[in-house]
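Below is structure-v3.cif, holding mmCIF, C-alpha atoms.
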data_input
loop_
_atom_site.label_atom_id
_atom_site.label_comp_id
_atom_site.auth_asym_id
_atom_site.auth_seq_id
_atom_site.Cartn_x
_atom_site.Cartn_y
_atom_site.Cartn_z
CA MET O 1 -57.93 -2.25 107.12
CA ASP O 2 -56.75 -0.33 104.06
CA VAL O 3 -56.87 -1.41 100.43
CA ARG O 4 -54.50 -0.13 97.78
CA VAL O 5 -54.94 -0.67 94.08
CA LEU O 6 -51.53 -0.50 92.42
CA VAL O 7 -51.64 0.82 88.88
CA GLY O 8 -48.89 0.50 86.29
CA SER O 9 -49.20 2.84 83.33
CA LYS O 10 -47.35 4.18 80.31
CA LYS O 11 -46.42 7.24 82.39
CA GLY O 12 -45.54 5.95 85.83
CA ALA O 13 -47.25 4.30 88.78
CA PHE O 14 -50.42 5.37 90.57
CA ILE O 15 -51.87 4.15 93.87
CA LEU O 16 -55.59 4.21 94.65
CA GLU O 17 -56.31 4.08 98.40
CA SER O 18 -59.45 3.28 100.39
CA ASP O 19 -60.52 1.77 103.70
CA SER O 20 -62.28 -1.57 104.09
CA ALA O 21 -65.61 -0.06 103.00
CA ARG O 22 -64.10 0.57 99.54
CA ARG O 23 -66.53 3.39 98.79
CA ASP O 24 -64.26 6.44 98.58
CA TRP O 25 -60.93 6.33 96.78
CA ARG O 26 -57.98 8.68 96.73
CA VAL O 27 -55.60 8.68 93.77
CA GLN O 28 -51.88 9.25 94.35
CA GLY O 29 -49.20 9.65 91.71
CA PRO O 30 -47.75 9.60 89.21
CA PHE O 31 -44.68 7.96 90.73
CA CYS O 32 -41.44 6.52 89.31
CA GLU O 33 -40.57 9.70 87.41
CA HIS O 34 -43.14 8.96 84.70
CA TRP O 35 -41.26 5.89 83.49
CA PRO O 36 -43.18 3.56 81.18
CA LEU O 37 -44.19 0.73 83.52
CA THR O 38 -45.48 -2.68 82.53
CA HIS O 39 -46.27 -4.00 86.02
CA VAL O 40 -46.62 -2.74 89.59
CA GLY O 41 -46.96 -5.35 92.34
CA ALA O 42 -46.23 -5.87 96.01
CA ASP O 43 -44.72 -8.29 98.47
CA PRO O 44 -47.53 -8.81 101.00
CA SER O 45 -45.10 -10.20 103.58
CA THR O 46 -43.13 -6.93 103.74
CA GLN O 47 -45.72 -4.55 102.20
CA THR O 48 -43.03 -3.36 99.79
CA ILE O 49 -44.24 -2.14 96.42
CA TYR O 50 -42.24 -2.94 93.29
CA ALA O 51 -42.60 -1.62 89.74
CA ALA O 52 -41.11 -3.06 86.56
CA GLY O 53 -40.59 -1.10 83.40
CA GLY O 54 -38.39 0.57 80.85
CA ASN O 55 -37.95 0.32 77.12
CA ALA O 56 -35.17 0.44 74.53
CA TRP O 57 -34.49 4.11 75.36
CA PHE O 58 -34.78 4.01 79.15
CA GLY O 59 -33.34 0.53 79.62
CA PRO O 60 -34.80 -1.89 82.18
CA ALA O 61 -35.26 -1.11 85.87
CA VAL O 62 -37.17 -2.21 88.95
CA TRP O 63 -38.51 0.49 91.25
CA LYS O 64 -39.12 0.00 94.96
CA SER O 65 -41.10 1.78 97.68
CA SER O 66 -41.13 0.69 101.33
CA ASP O 67 -43.48 3.47 102.47
CA PHE O 68 -46.56 2.99 100.27
CA GLY O 69 -45.29 5.30 97.54
CA ALA O 70 -43.98 8.23 99.61
CA SER O 71 -40.46 7.57 98.29
CA TRP O 72 -38.97 5.38 95.58
CA SER O 73 -35.62 4.02 94.49
CA HIS O 74 -34.73 1.99 91.44
CA SER O 75 -32.06 -0.40 90.28
CA SER O 76 -31.02 -2.15 87.10
CA ALA O 77 -27.95 -3.81 88.62
CA GLY O 78 -27.59 -7.24 87.09
CA LEU O 79 -30.58 -6.92 84.73
CA ALA O 80 -28.46 -7.75 81.72
CA PHE O 81 -27.60 -10.68 79.51
CA PRO O 82 -23.96 -11.59 78.77
CA GLN O 83 -22.06 -9.27 76.46
CA GLY O 84 -22.79 -9.88 72.81
CA GLU O 85 -26.38 -10.96 73.31
CA THR O 86 -29.50 -8.93 72.61
CA PRO O 87 -29.78 -6.40 75.43
CA VAL O 88 -32.63 -6.54 77.93
CA GLN O 89 -35.20 -4.05 76.64
CA CYS O 90 -37.64 -3.94 79.53
CA ALA O 91 -38.50 -5.45 82.89
CA TRP O 92 -41.98 -6.86 82.30
CA VAL O 93 -43.23 -8.38 85.54
CA VAL O 94 -42.28 -8.54 89.23
CA HIS O 95 -43.22 -11.44 91.52
CA ALA O 96 -42.32 -11.67 95.21
CA ALA O 97 -42.27 -15.12 96.81
CA HIS O 98 -40.40 -16.94 99.58
CA GLY O 99 -38.22 -13.93 100.38
CA ARG O 100 -37.10 -13.44 96.79
CA LEU O 101 -38.06 -11.09 93.99
CA TYR O 102 -38.42 -12.54 90.50
CA VAL O 103 -38.42 -10.39 87.37
CA GLY O 104 -39.40 -11.41 83.86
CA VAL O 105 -37.83 -9.44 81.01
CA GLU O 106 -37.82 -8.88 77.27
CA PRO O 107 -36.36 -10.71 75.41
CA ALA O 108 -37.57 -13.69 77.41
CA GLY O 109 -35.47 -14.14 80.51
CA LEU O 110 -35.93 -14.61 84.23
CA PHE O 111 -33.95 -12.81 86.94
CA VAL O 112 -34.04 -13.05 90.72
CA SER O 113 -33.04 -10.77 93.57
CA ASP O 114 -32.12 -11.97 97.06
CA ASP O 115 -31.59 -8.45 98.43
CA GLY O 116 -34.99 -6.85 97.96
CA GLY O 117 -34.43 -5.57 94.44
CA ALA O 118 -31.04 -3.92 94.95
CA SER O 119 -29.35 -6.34 92.55
CA PHE O 120 -30.33 -9.20 90.26
CA ARG O 121 -28.89 -12.31 88.69
CA GLU O 122 -30.18 -14.33 85.79
CA ILE O 123 -31.74 -17.75 86.29
CA GLU O 124 -29.71 -19.26 83.49
CA GLY O 125 -31.58 -22.55 83.34
CA LEU O 126 -34.20 -20.90 81.15
CA ARG O 127 -31.55 -20.58 78.45
CA ARG O 128 -31.15 -24.34 78.22
CA PRO O 129 -34.43 -25.76 76.83
CA PRO O 130 -33.45 -27.34 73.51
CA THR O 131 -36.29 -25.50 71.78
CA ARG O 132 -35.04 -22.04 72.77
CA PRO O 133 -33.40 -21.23 69.38
CA GLN O 134 -36.84 -21.68 67.80
CA TRP O 135 -38.77 -19.39 70.14
CA GLN O 136 -40.65 -16.67 68.29
CA PRO O 137 -42.00 -13.34 69.61
CA GLY O 138 -45.64 -12.43 70.00
CA GLY O 139 -47.12 -9.09 69.01
CA ALA O 140 -45.48 -7.30 71.95
CA GLY O 141 -42.15 -9.08 71.52
CA LEU O 142 -40.51 -12.14 73.04
CA ILE O 143 -41.59 -11.38 76.59
CA LEU O 144 -41.71 -13.28 79.85
CA HIS O 145 -44.80 -11.66 81.34
CA SER O 146 -46.28 -14.15 83.84
CA ILE O 147 -44.68 -15.73 86.91
CA VAL O 148 -46.54 -18.08 89.24
CA SER O 149 -44.98 -19.73 92.28
CA ASP O 150 -46.11 -22.54 94.58
CA PRO O 151 -46.76 -21.05 98.05
CA ALA O 152 -45.75 -24.35 99.64
CA ASP O 153 -42.62 -25.14 97.60
CA PRO O 154 -40.14 -22.42 96.57
CA ARG O 155 -38.61 -24.71 93.94
CA ARG O 156 -41.77 -24.79 91.80
CA LEU O 157 -42.32 -21.98 89.29
CA TRP O 158 -44.39 -21.51 86.15
CA VAL O 159 -43.70 -18.77 83.62
CA GLY O 160 -45.66 -17.55 80.61
CA ILE O 161 -43.77 -16.43 77.52
CA SER O 162 -45.29 -14.97 74.35
CA ALA O 163 -45.39 -16.55 71.84
CA VAL O 164 -43.73 -19.62 73.36
CA GLY O 165 -46.12 -20.95 76.00
CA VAL O 166 -45.96 -22.05 79.61
CA PHE O 167 -42.72 -23.47 81.04
CA TYR O 168 -42.31 -25.14 84.45
CA THR O 169 -39.46 -25.87 86.86
CA GLU O 170 -39.47 -27.96 90.02
CA ASP O 171 -35.82 -27.42 90.92
CA GLY O 172 -35.70 -23.68 91.35
CA GLY O 173 -34.92 -22.89 87.73
CA GLU O 174 -32.10 -25.28 86.91
CA THR O 175 -34.24 -27.19 84.41
CA TRP O 176 -37.44 -26.24 82.61
CA SER O 177 -40.02 -28.17 80.60
CA PRO O 178 -42.95 -27.01 78.45
CA ARG O 179 -46.46 -27.25 79.88
CA ASN O 180 -48.68 -26.68 76.85
CA THR O 181 -50.49 -29.94 76.14
CA GLY O 182 -54.07 -29.16 75.22
CA THR O 183 -53.62 -25.48 74.36
CA ARG O 184 -54.04 -24.80 70.68
CA CYS O 185 -52.48 -22.50 68.12
CA ASP O 186 -55.29 -21.49 65.76
CA PHE O 187 -52.82 -19.49 63.71
CA LEU O 188 -50.97 -22.66 62.63
CA PRO O 189 -52.04 -24.95 59.75
CA GLU O 190 -54.61 -27.69 60.41
CA GLY O 191 -52.91 -30.70 62.00
CA GLU O 192 -50.23 -28.59 63.67
CA ARG O 193 -52.38 -26.69 66.15
CA TYR O 194 -51.27 -28.49 69.31
CA PRO O 195 -47.46 -28.21 69.26
CA GLU O 196 -45.14 -28.80 72.21
CA PHE O 197 -44.39 -25.06 72.30
CA GLY O 198 -45.27 -21.95 70.31
CA GLN O 199 -48.55 -21.09 72.04
CA CYS O 200 -49.26 -17.44 72.76
CA VAL O 201 -50.11 -17.55 76.45
CA HIS O 202 -51.52 -14.24 77.71
CA ASN O 203 -51.80 -14.74 81.47
CA ILE O 204 -51.71 -17.43 84.19
CA ALA O 205 -53.34 -17.49 87.62
CA MET O 206 -53.16 -20.09 90.40
CA ALA O 207 -56.27 -21.10 92.31
CA PRO O 208 -56.01 -20.46 96.07
CA GLY O 209 -55.15 -23.51 98.16
CA HIS O 210 -54.56 -25.73 95.11
CA SER O 211 -51.07 -25.31 93.71
CA ASN O 212 -51.76 -27.64 90.79
CA ARG O 213 -54.93 -25.79 89.73
CA LEU O 214 -54.00 -23.18 87.14
CA TYR O 215 -56.15 -20.96 84.95
CA GLN O 216 -54.84 -19.61 81.66
CA GLN O 217 -56.03 -17.01 79.19
CA ASN O 218 -54.45 -17.69 75.83
CA HIS O 219 -54.49 -15.97 72.47
CA CYS O 220 -56.51 -19.01 71.39
CA GLY O 221 -58.81 -19.93 74.24
CA MET O 222 -59.43 -20.04 77.97
CA TYR O 223 -58.03 -23.04 79.86
CA ARG O 224 -57.82 -24.84 83.19
CA SER O 225 -55.24 -27.33 84.44
CA ASP O 226 -55.59 -29.56 87.50
CA ASP O 227 -52.15 -31.17 87.23
CA GLY O 228 -49.77 -28.23 87.33
CA GLY O 229 -49.92 -27.58 83.61
CA LEU O 230 -49.18 -31.11 82.40
CA SER O 231 -52.48 -30.92 80.56
CA TRP O 232 -54.97 -28.14 79.86
CA ASN O 233 -58.70 -28.32 79.21
CA SER O 234 -60.74 -25.67 77.42
CA ILE O 235 -63.21 -23.75 79.60
CA GLU O 236 -64.30 -21.18 77.02
CA ALA O 237 -67.78 -22.64 76.37
CA GLY O 238 -70.39 -20.04 77.26
CA LEU O 239 -68.09 -17.05 76.79
CA PRO O 240 -68.76 -14.50 74.02
CA SER O 241 -65.16 -14.74 72.86
CA SER O 242 -62.23 -17.02 73.49
CA PHE O 243 -59.85 -14.06 73.19
CA GLY O 244 -58.70 -11.75 75.95
CA PHE O 245 -55.70 -11.01 78.12
CA PRO O 246 -56.25 -11.08 81.91
CA VAL O 247 -57.56 -13.77 84.24
CA ALA O 248 -57.91 -13.28 88.01
CA ALA O 249 -58.53 -15.90 90.69
CA HIS O 250 -60.64 -15.44 93.79
CA PRO O 251 -58.45 -15.03 96.91
CA ARG O 252 -60.11 -17.94 98.80
CA ASP O 253 -62.38 -19.95 96.49
CA ALA O 254 -60.54 -22.14 94.00
CA GLU O 255 -63.68 -22.51 91.88
CA THR O 256 -64.22 -18.77 91.30
CA LEU O 257 -62.39 -16.82 88.63
CA PHE O 258 -62.87 -13.66 86.58
CA PHE O 259 -62.23 -12.89 82.92
CA LEU O 260 -62.79 -9.90 80.65
CA PRO O 261 -63.27 -11.10 77.06
CA LEU O 262 -62.34 -8.95 74.09
CA ASN O 263 -63.90 -9.46 70.71
CA GLY O 264 -60.96 -11.05 68.93
CA ALA O 265 -57.35 -10.63 67.88
CA ASP O 266 -58.33 -9.33 64.44
CA GLN O 267 -61.60 -7.58 65.34
CA GLY O 268 -60.39 -4.59 67.33
CA ARG O 269 -59.57 -6.15 70.72
CA TYR O 270 -62.29 -4.36 72.66
CA PRO O 271 -65.34 -5.67 74.60
CA PRO O 272 -67.78 -7.44 72.28
CA GLU O 273 -70.24 -4.95 70.73
CA GLY O 274 -68.56 -2.19 72.74
CA ARG O 275 -70.38 -3.37 75.89
CA ALA O 276 -68.07 -3.99 78.84
CA ALA O 277 -68.58 -7.01 81.08
CA VAL O 278 -66.54 -9.06 83.48
CA TRP O 279 -67.44 -12.74 83.21
CA ARG O 280 -67.39 -14.81 86.39
CA SER O 281 -67.38 -18.55 86.93
CA ARG O 282 -68.27 -20.15 90.27
CA ASP O 283 -67.47 -23.71 89.18
CA GLY O 284 -63.96 -23.64 87.81
CA GLY O 285 -64.93 -22.52 84.32
CA ALA O 286 -67.74 -25.01 83.65
CA HIS O 287 -70.29 -22.18 83.51
CA TRP O 288 -69.97 -18.42 83.08
CA ALA O 289 -72.13 -15.39 83.83
CA ASP O 290 -71.61 -11.82 82.68
CA ARG O 291 -71.55 -9.04 85.25
CA ARG O 292 -72.25 -5.60 83.74
CA ALA O 293 -73.94 -3.40 86.36
CA GLY O 294 -72.08 -0.10 86.47
CA LEU O 295 -69.88 -0.83 83.43
CA PRO O 296 -70.30 1.13 80.18
CA GLN O 297 -72.73 -0.59 77.81
CA ASN O 298 -72.24 1.70 74.86
CA GLY O 299 -69.05 2.82 73.15
CA ALA O 300 -66.63 0.82 75.33
CA TYR O 301 -63.84 0.43 72.82
CA PHE O 302 -60.99 0.12 75.29
CA GLY O 303 -58.60 -2.77 75.77
CA VAL O 304 -57.60 -4.48 79.01
CA MET O 305 -54.04 -5.76 79.14
CA ARG O 306 -52.78 -9.11 80.40
CA GLN O 307 -51.83 -7.92 83.90
CA ALA O 308 -54.63 -5.40 84.33
CA MET O 309 -57.08 -7.36 86.51
CA ALA O 310 -56.78 -8.39 90.16
CA THR O 311 -58.72 -9.30 93.30
CA ASP O 312 -58.22 -8.11 96.87
CA ALA O 313 -58.14 -10.17 100.08
CA LEU O 314 -61.31 -8.82 101.71
CA ASP O 315 -64.62 -10.64 102.19
CA PRO O 316 -66.49 -10.28 99.92
CA ALA O 317 -63.58 -10.04 97.55
CA GLY O 318 -63.00 -6.91 95.54
CA VAL O 319 -62.30 -7.18 91.82
CA TYR O 320 -60.53 -4.48 89.80
CA PHE O 321 -59.45 -3.86 86.24
CA GLY O 322 -57.74 -1.04 84.36
CA ALA O 323 -58.35 -0.05 80.75
CA SER O 324 -56.29 1.38 77.94
CA ASN O 325 -58.32 4.61 78.15
CA GLY O 326 -56.98 5.26 81.66
CA SER O 327 -60.08 4.19 83.62
CA VAL O 328 -59.96 1.95 86.70
CA TYR O 329 -63.12 0.01 87.62
CA GLY O 330 -63.74 -1.78 90.91
CA SER O 331 -66.33 -4.08 92.45
CA ARG O 332 -66.89 -4.49 96.20
CA ASP O 333 -69.14 -7.54 95.77
CA GLU O 334 -67.19 -10.05 93.67
CA GLY O 335 -68.30 -8.58 90.36
CA GLU O 336 -72.01 -8.08 90.97
CA SER O 337 -71.76 -4.30 90.56
CA TRP O 338 -69.05 -1.91 89.41
CA THR O 339 -67.89 1.65 90.00
CA CYS O 340 -65.36 3.75 88.10
CA LEU O 341 -62.65 4.52 90.67
CA ALA O 342 -60.46 6.75 88.48
CA ARG O 343 -60.55 8.27 85.01
CA ASP O 344 -58.13 9.87 82.57
CA LEU O 345 -54.99 8.17 83.83
CA PRO O 346 -52.40 7.19 81.22
CA ALA O 347 -52.96 3.91 79.37
CA ILE O 348 -52.99 1.21 82.04
CA SER O 349 -50.66 -1.77 81.84
CA SER O 350 -51.31 -3.51 85.16
CA ILE O 351 -53.50 -3.71 88.24
CA GLU O 352 -52.56 -5.40 91.53
CA THR O 353 -53.77 -4.96 95.11
CA LEU O 354 -52.23 -4.63 98.55
CA THR O 355 -54.32 -5.02 101.71
CA THR O 356 -52.83 -3.75 104.97
#
Output the file's structure as structure tokens, nothing else.
Amino acid sequence: MDVRVLVGSKKGAFILESDSARRDWRVQGPFCEHWPLTHVGADPSTQTIYAAGGNAWFGPAVWKSSDFGASWSHSSAGLAFPQGETPVQCAWVVHAAHGRLYVGVEPAGLFVSDDGGASFREIEGLRRPPTRPQWQPGGAGLILHSIVSDPADPRRLWVGISAVGVFYTEDGGETWSPRNTGTRCDFLPEGERYPEFGQCVHNIAMAPGHSNRLYQQNHCGMYRSDDGGLSWNSIEAGLPSSFGFPVAAHPRDAETLFFLPLNGADQGRYPPEGRAAVWRSRDGGAHWADRRAGLPQNGAYFGVMRQAMATDALDPAGVYFGASNGSVYGSRDEGESWTCLARDLPAISSIETLTT
């Protein structure tokens, strides 16, 4: 069995390869002609790798490789809003599910491909929430950066939009409703901190085997929902900071999740005290423990972006994250110990895995 860590960076895609022992790693890349990429993921059912990226100069595009990175093609066909509207700046996230490929873009929009990424069409229902004219961008823009689907029901999707919040559909995208009750906006005046929308969600992960169990890292807290996002409960007690970007779920255990806190939105956005740690919970966020062995404990002033942490499907599960300084760290034992798998890559935007 082979494991691939898929890396999205500011200068193309990289693939780290190893066998099931996960001791020795080979780095391949850069791929995708050095395009600025925000996310590289895969469809495990077809083992196809997809990469999303672009910017105002390049335009948006989705790259595709069906041979583990040996060759790539890309398409932007259909990744556009109607004439007269703000152009799509970038493809931010790819998500393969139920034979389809979903793409979130900036400014906030959702597209889908039914032909493996050759062409796309907009899911126009996300234009229709009555609050849409009031949506405001986060620090990186008005971006749709997180897509979660129900493995058992192709009609159910959740998306995360900064700084708008979580939205949910149960009819395949025709209608959408906010799912933000219980998540706060500390940046709003007292008494207005729990609005219907306007939260700056950073990342969403679904617990395995429980499609209504969601974990969320927010600009203002860490949260868990057991009802598909209808309500959220804070699970940040015991963490050194409520601020960070990524959250990753265990591939088999719904109670286990991983988080890498940063010291705060206005304090530098690096690991607290410059000491890197991945925090793990074994009970759904009720309690947390820091895991530091092998991670730098002095001068770790890097950031870790919202899509830059993932787990693999092996037993024990591997956990991986990529940093803004171009380092990739991995754990073969569910976070107990860590090894630097690669250094000096471009600034890392995303980490995903593919097990074959």
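Contact shell of Lys10 in chain O at 10 Å (all atoms listed in the file; same-chain neighbours under 2 positions omitted): O:Gly8, O:Gly12, O:Ala13, O:His34, O:Trp35, O:Pro36, O:Leu37, O:Thr38, O:Gly53, O:Gly54, O:Ser324, O:Gly326, O:Leu345, O:Pro346, O:Ala347, O:Ile348, O:Ser349, O:Ser350.
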>> For range 90-102 of chain O, find every residue with an atom within 9 Å (counting only C-alpha atoms), except residues of its own chain fewer than 3 positions away, and show them as JSON, numbers by chain.
In response: {"O": [37, 38, 39, 40, 41, 42, 43, 44, 45, 50, 51, 52, 53, 54, 55, 56, 58, 59, 60, 61, 62, 79, 105, 106, 107, 110, 111, 112, 113, 114, 115, 116, 117, 120, 143, 144, 145, 146, 147, 148, 149, 150, 151, 153, 154, 307]}
> For Asp283 in chain O, which residue out of O:Phe258, O:Trp57, O:Trp135, O:Phe81 is the nearest one, using all atoms listed in the file?
Replying inline: O:Phe258
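Between CA of Ala118 in chain O and CA of Glu352 in chain O lies a distance of 21.8 Å.
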>> Which residues, named as in the file, does the PyMOL selection byres ((chain O and resi 159) around 10) pick out? Answer as a list of chain:residue names.
In response: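 Evaluating the PyMOL selection byres ((chain O and resi 159) around 10) on these coordinates yields O:Gly104, O:Gly109, O:Leu110, O:Leu144, O:His145, O:Ser146, O:Ile147, O:Val148, O:Ser149, O:Leu157, O:Trp158, O:Gly160, O:Ile161, O:Gly165, O:Val166, O:Phe167, O:Tyr168, O:Thr169, O:Trp176, O:Pro178, O:Arg179, O:Val201, O:Asn203, O:Ile204.
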For the residues selected in the previous step, produce a file with C-alpha atoms as a CSV table (one decimal), in the frame of the given file.
chain,number,residue,atom,x,y,z
O,104,GLY,CA,-39.4,-11.4,83.9
O,109,GLY,CA,-35.5,-14.1,80.5
O,110,LEU,CA,-35.9,-14.6,84.2
O,144,LEU,CA,-41.7,-13.3,79.8
O,145,HIS,CA,-44.8,-11.7,81.3
O,146,SER,CA,-46.3,-14.2,83.8
O,147,ILE,CA,-44.7,-15.7,86.9
O,148,VAL,CA,-46.5,-18.1,89.2
O,149,SER,CA,-45.0,-19.7,92.3
O,157,LEU,CA,-42.3,-22.0,89.3
O,158,TRP,CA,-44.4,-21.5,86.2
O,160,GLY,CA,-45.7,-17.6,80.6
O,161,ILE,CA,-43.8,-16.4,77.5
O,165,GLY,CA,-46.1,-21.0,76.0
O,166,VAL,CA,-46.0,-22.0,79.6
O,167,PHE,CA,-42.7,-23.5,81.0
O,168,TYR,CA,-42.3,-25.1,84.4
O,169,THR,CA,-39.5,-25.9,86.9
O,176,TRP,CA,-37.4,-26.2,82.6
O,178,PRO,CA,-43.0,-27.0,78.4
O,179,ARG,CA,-46.5,-27.2,79.9
O,201,VAL,CA,-50.1,-17.6,76.4
O,203,ASN,CA,-51.8,-14.7,81.5
O,204,ILE,CA,-51.7,-17.4,84.2
Provide an axis-aligned box for all listed atoms of range 65-68 of chain O, padding each side by 5 Å; report its centre and its edge lengths in Å to one decimal, as AutoDock Vina command-line options.
--center_x -43.8 --center_y 2.1 --center_z 100.1 --size_x 15.5 --size_y 12.8 --size_z 14.8
> Rounded to one decimal in Å, what is the spacing between CA of Trp232 in chain O and CA of Val164 in chain O?
Replying inline: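 Distance reported for this atom pair: 15.5 Å.
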> What does the distance between CA of Ile15 in chain O and CA of Val319 in chain O come to in Å, to one decimal place?
Replying inline: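 Between these atoms lies a distance of 15.5 Å.
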>> Could you list, as a PyMOL selection string, every residue matched by the PyMOL selection byres ((chain O and resi 323) around 12) in this structure?
In response: chain O and resi 7-10+245-246+260+262+269-271+276+295+300-309+320-322+324-330+340-351
Leaving out Trp72 in chain O and any residue of its chain fewer than 3 positions from it, which residues lie within 9 Å of it when counting only C-alpha atoms, given as a PDB file with C-alpha atoms, in the coordinates of the input?
ATOM      1  CA  PHE O  31     -44.680   7.960  90.730  1.00  0.00           C
ATOM      2  CA  CYS O  32     -41.440   6.520  89.310  1.00  0.00           C
ATOM      3  CA  TRP O  63     -38.510   0.490  91.250  1.00  0.00           C
ATOM      4  CA  LYS O  64     -39.120   0.000  94.960  1.00  0.00           C
ATOM      5  CA  SER O  65     -41.100   1.780  97.680  1.00  0.00           C
ATOM      6  CA  SER O  66     -41.130   0.690 101.330  1.00  0.00           C
ATOM      7  CA  ASP O  67     -43.480   3.470 102.470  1.00  0.00           C
ATOM      8  CA  GLY O  69     -45.290   5.300  97.540  1.00  0.00           C
TER       9      GLY O  69
END
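Minimum atom-to-atom distances from O:Gln89, O:Ser331, O:Ser242, O:Thr46 to Ala317 in chain O were compared using only C-alpha atoms, and the lowest value belongs to O:Ser331.
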Assuming the chain letters and numbering stay as they are in my file, what does the PyMOL selection byres ((chain O and resi 219-230) around 9) actually select? List them as a PDB file with C-alpha atoms, in the frame of the given file.
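Listed below is the output, part_22.pdb:
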ATOM      1  CA  TRP O 158     -44.390 -21.510  86.150  1.00  0.00           C
ATOM      2  CA  VAL O 166     -45.960 -22.050  79.610  1.00  0.00           C
ATOM      3  CA  PHE O 167     -42.720 -23.470  81.040  1.00  0.00           C
ATOM      4  CA  TYR O 168     -42.310 -25.140  84.450  1.00  0.00           C
ATOM      5  CA  PRO O 178     -42.950 -27.010  78.450  1.00  0.00           C
ATOM      6  CA  ARG O 179     -46.460 -27.250  79.880  1.00  0.00           C
ATOM      7  CA  ASN O 180     -48.680 -26.680  76.850  1.00  0.00           C
ATOM      8  CA  THR O 181     -50.490 -29.940  76.140  1.00  0.00           C
ATOM      9  CA  GLY O 182     -54.070 -29.160  75.220  1.00  0.00           C
ATOM     10  CA  THR O 183     -53.620 -25.480  74.360  1.00  0.00           C
ATOM     11  CA  ARG O 184     -54.040 -24.800  70.680  1.00  0.00           C
ATOM     12  CA  CYS O 185     -52.480 -22.500  68.120  1.00  0.00           C
ATOM     13  CA  ASP O 186     -55.290 -21.490  65.760  1.00  0.00           C
ATOM     14  CA  PHE O 187     -52.820 -19.490  63.710  1.00  0.00           C
ATOM     15  CA  GLN O 199     -48.550 -21.090  72.040  1.00  0.00           C
ATOM     16  CA  CYS O 200     -49.260 -17.440  72.760  1.00  0.00           C
ATOM     17  CA  VAL O 201     -50.110 -17.550  76.450  1.00  0.00           C
ATOM     18  CA  HIS O 202     -51.520 -14.240  77.710  1.00  0.00           C
ATOM     19  CA  HIS O 210     -54.560 -25.730  95.110  1.00  0.00           C
ATOM     20  CA  SER O 211     -51.070 -25.310  93.710  1.00  0.00           C
ATOM     21  CA  ASN O 212     -51.760 -27.640  90.790  1.00  0.00           C
ATOM     22  CA  ARG O 213     -54.930 -25.790  89.730  1.00  0.00           C
ATOM     23  CA  LEU O 214     -54.000 -23.180  87.140  1.00  0.00           C
ATOM     24  CA  TYR O 215     -56.150 -20.960  84.950  1.00  0.00           C
ATOM     25  CA  GLN O 216     -54.840 -19.610  81.660  1.00  0.00           C
ATOM     26  CA  GLN O 217     -56.030 -17.010  79.190  1.00  0.00           C
ATOM     27  CA  ASN O 218     -54.450 -17.690  75.830  1.00  0.00           C
ATOM     28  CA  SER O 231     -52.480 -30.920  80.560  1.00  0.00           C
ATOM     29  CA  TRP O 232     -54.970 -28.140  79.860  1.00  0.00           C
ATOM     30  CA  ASN O 233     -58.700 -28.320  79.210  1.00  0.00           C
ATOM     31  CA  SER O 234     -60.740 -25.670  77.420  1.00  0.00           C
ATOM     32  CA  ILE O 235     -63.210 -23.750  79.600  1.00  0.00           C
ATOM     33  CA  GLU O 236     -64.300 -21.180  77.020  1.00  0.00           C
ATOM     34  CA  ALA O 237     -67.780 -22.640  76.370  1.00  0.00           C
ATOM     35  CA  SER O 241     -65.160 -14.740  72.860  1.00  0.00           C
ATOM     36  CA  SER O 242     -62.230 -17.020  73.490  1.00  0.00           C
ATOM     37  CA  PHE O 243     -59.850 -14.060  73.190  1.00  0.00           C
ATOM     38  CA  GLY O 244     -58.700 -11.750  75.950  1.00  0.00           C
ATOM     39  CA  PHE O 245     -55.700 -11.010  78.120  1.00  0.00           C
ATOM     40  CA  GLY O 264     -60.960 -11.050  68.930  1.00  0.00           C
ATOM     41  CA  ALA O 265     -57.350 -10.630  67.880  1.00  0.00           C
ATOM     42  CA  GLY O 284     -63.960 -23.640  87.810  1.00  0.00           C
ATOM     43  CA  GLY O 285     -64.930 -22.520  84.320  1.00  0.00           C
TER      44      GLY O 285
END
>> Give me, as a list in words, all polymer residues having an atom no more than 10 Å from Arg128 in chain O, counting all atoms listed in the file and skipping those fewer than 2 positions away in the same chain.
In response: Glu124, Gly125, Leu126, Pro130, Thr131, Arg132, Pro133, Glu174, Thr175, Trp176 and Ser177 of chain O
